[in-house]
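Participant: Supplied in structure tokens, the structure appears directly below.
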Amino acid sequence: MDINATLFGQAIWFGVFIWITMKYVWPPLQKAIADRQALIADGLAAGERAKHELELAGKRSADSLREAKGKSAEIIAAAEKRALMVIEEAKQVAKVEADKVVASAQAEIAQQVEHARAELRGRVADLAVAGAERILKREVDAKGHAQMLAALKQEL
Amino acid sequence: MASGEALTSSGYIVHHLTNLKVGAGFWTFHLDTLLVSGIIGLIAFLGMAKIASKATAGVPGNLQSFVEIVLTFVDQQVKDTYHGRSPLVTPMAITIFVWVFLMNAMDLIPVDFVPLILGSVGVHYFKAVPTTDPNLTFAMSLTVFVIMLIMGVKVKGASGFLHEVFCVPFGAKLAPLNFLFRVIEDVAKPISLSLRLFGNMYAGEMVFILIALLGIWQLPLALPWALFHILIITLQAFVFMMLTIVYLSMASESHG
């Protein structure tokens, strides 16, 4: 065991290696580790936040679903009401129309009845004249009878 | 056997435990210790610096993960033990742990490999395990000692430090005795630190050499001892690191 100047050489090596570690090895690695820890912590926090947000979103969606259901029920009720109203209106319109049609038909019938009556009157007059001709079997002043018959027609 | 001049057992052992030297007297340099420890350290620390320079906060690669695991393990030990705030302690603990571990690990290279290879190119003495050289262990422990003193003065101030040296634990009236206690306490630290590492590694290396002398019987013995030695390698690196942290924490905390 001889102690000699190797001591100084080794001390220099030791110092150099401590210096390298202190300047170039430990600080960058320490920084990388700290950064990674921060990164992981951030990631975990973000995950937690996202979970919370998901919960909130679920609640919100349930709320909006309920709201939509309520609204749709309202809309359906309104629509039903409206449909009833429309039907009622249609009924009314139809009734009016039907009345009109009925009225016009009645008017027409009356007209035709009138017409038929006029025709009948003519026929009856002719028939009466022919009958009278036959019954009388004599010459008849057609003109004078015609006047008389026309007067009669008017009375009919 | 490595060379023709060392055919006896004691010659073989002495050959394996002799350093490659240049210089004379005190100004002798153990080239093998300096080179092996330096090259190992440069590879390890420049490599780690390269990995650290590319370190990403995202998903780390395999190498970065490995380095991070080792370094955070050391850092955790520092955090558990050293409660002051010093940018030096963790890097120092990392340096000690990694460097001592790797130098100790040189012990796992079969004892004849390096001497055989270097012997063939004319280098006849080479101790491949730097931690079996007390120069290295003392260099480290004395550096730790100096840093410990500087840290003590820095944290407590010169007057606080002197107060602690002369007035603790028996009060100002027994200042010489306090001083004597303090000197013993402080001198014991680097000596025990360096001799513990040196002794363990030297003994381990010695056992490897003795096993290598057994001829064919070394085969079943070298492997268990190497496996067992892995434990010692790690443990000694850890102990050196841990005691350094403890000493530094003691230096920066008040004794009362």
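The chains in the structure tokens are called A, B, ... from first to last as shown; in each chain the residues are counted from 1, and the ligands are counted from 1 in the order shown.
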Tell me, as a VMD selection string, which residues lie within 7 Å of region 184-200 of chain B, counting only C-alpha atoms; anything in the same chain fewer than 2 positions away does not count.
Facilitator: chain B and resid 131 to 134 137 to 138 141 to 142 145 180 to 182 202 to 204 236 240
Participant: Near chain A, meaning an atom within 7 Å, which residues of chain B appear when counting only C-alpha atoms? Write them as a list in words.
Facilitator: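 The answer, sorted by residue number, is Phe26, Trp27, Thr28, Phe29, His30, Leu34, Gly38, Gly41, Phe45, Met48, Ala49, Ala52, Ser53, Ala55, Thr56, Ala57, Gly58, Leu88, Pro91, Met92, Thr95, Pro134, Asn135, Leu136, Phe138, Ala139, Met140 and Thr143 of chain B.
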Participant: May I ask which of the residues A:Ala46, A:Ala151, A:Leu156, A:Met85 is the closest one to Arg121 (chain A), counting only C-alpha atoms?
Facilitator: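 Selected residue with least distance to Arg121 (chain A): A:Leu156.
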Participant: Could you list, as a ChimeraX atom specification, every residue within 12 Å of Lys154 (chain B), counting only C-alpha atoms and ignoring same-chain residues fewer than 2 positions away?
Facilitator: /B:84-86,147-152,156-162,248,251-253
Participant: List as a JSON list (two decimals) with C-alpha atoms, in the first residue's frame the protein and nucleic acid residues near Ile40 (chain B), meaning an atom at most 9 Å away when only C-alpha atoms are counted, but skip any in the same chain fewer than 5 places from it.
Facilitator:
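See out28.json below for the written result:
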```json
[["chain", "number", "residue", "atom", "x", "y", "z"],
["B", 35, "LEU", "CA", -6.13, 5.17, -17.10],
["B", 45, "PHE", "CA", -20.24, 10.31, -17.52],
["B", 99, "TRP", "CA", -18.05, 5.49, -10.85],
["B", 102, "LEU", "CA", -18.18, 0.52, -12.60],
["B", 103, "MET", "CA", -14.62, 0.44, -11.26]]
```
Participant: Quick one: residues within 12 Å of Pro224 (chain B), only C-alpha atoms, excluding same-chain residues fewer than 5 positions away - as a ChimeraX atom specification?
Facilitator: /B:108,207-208,211,218-219,229-231
Participant: Report as a ChimeraX atom specification: the residues of region 37-255 of chain B with a DSSP assignment of alpha helix (DSSP H), based on the backbone of this structure.
Facilitator: /B:37-53,62-81,89-105,113-119,134-167,175-212,218-251
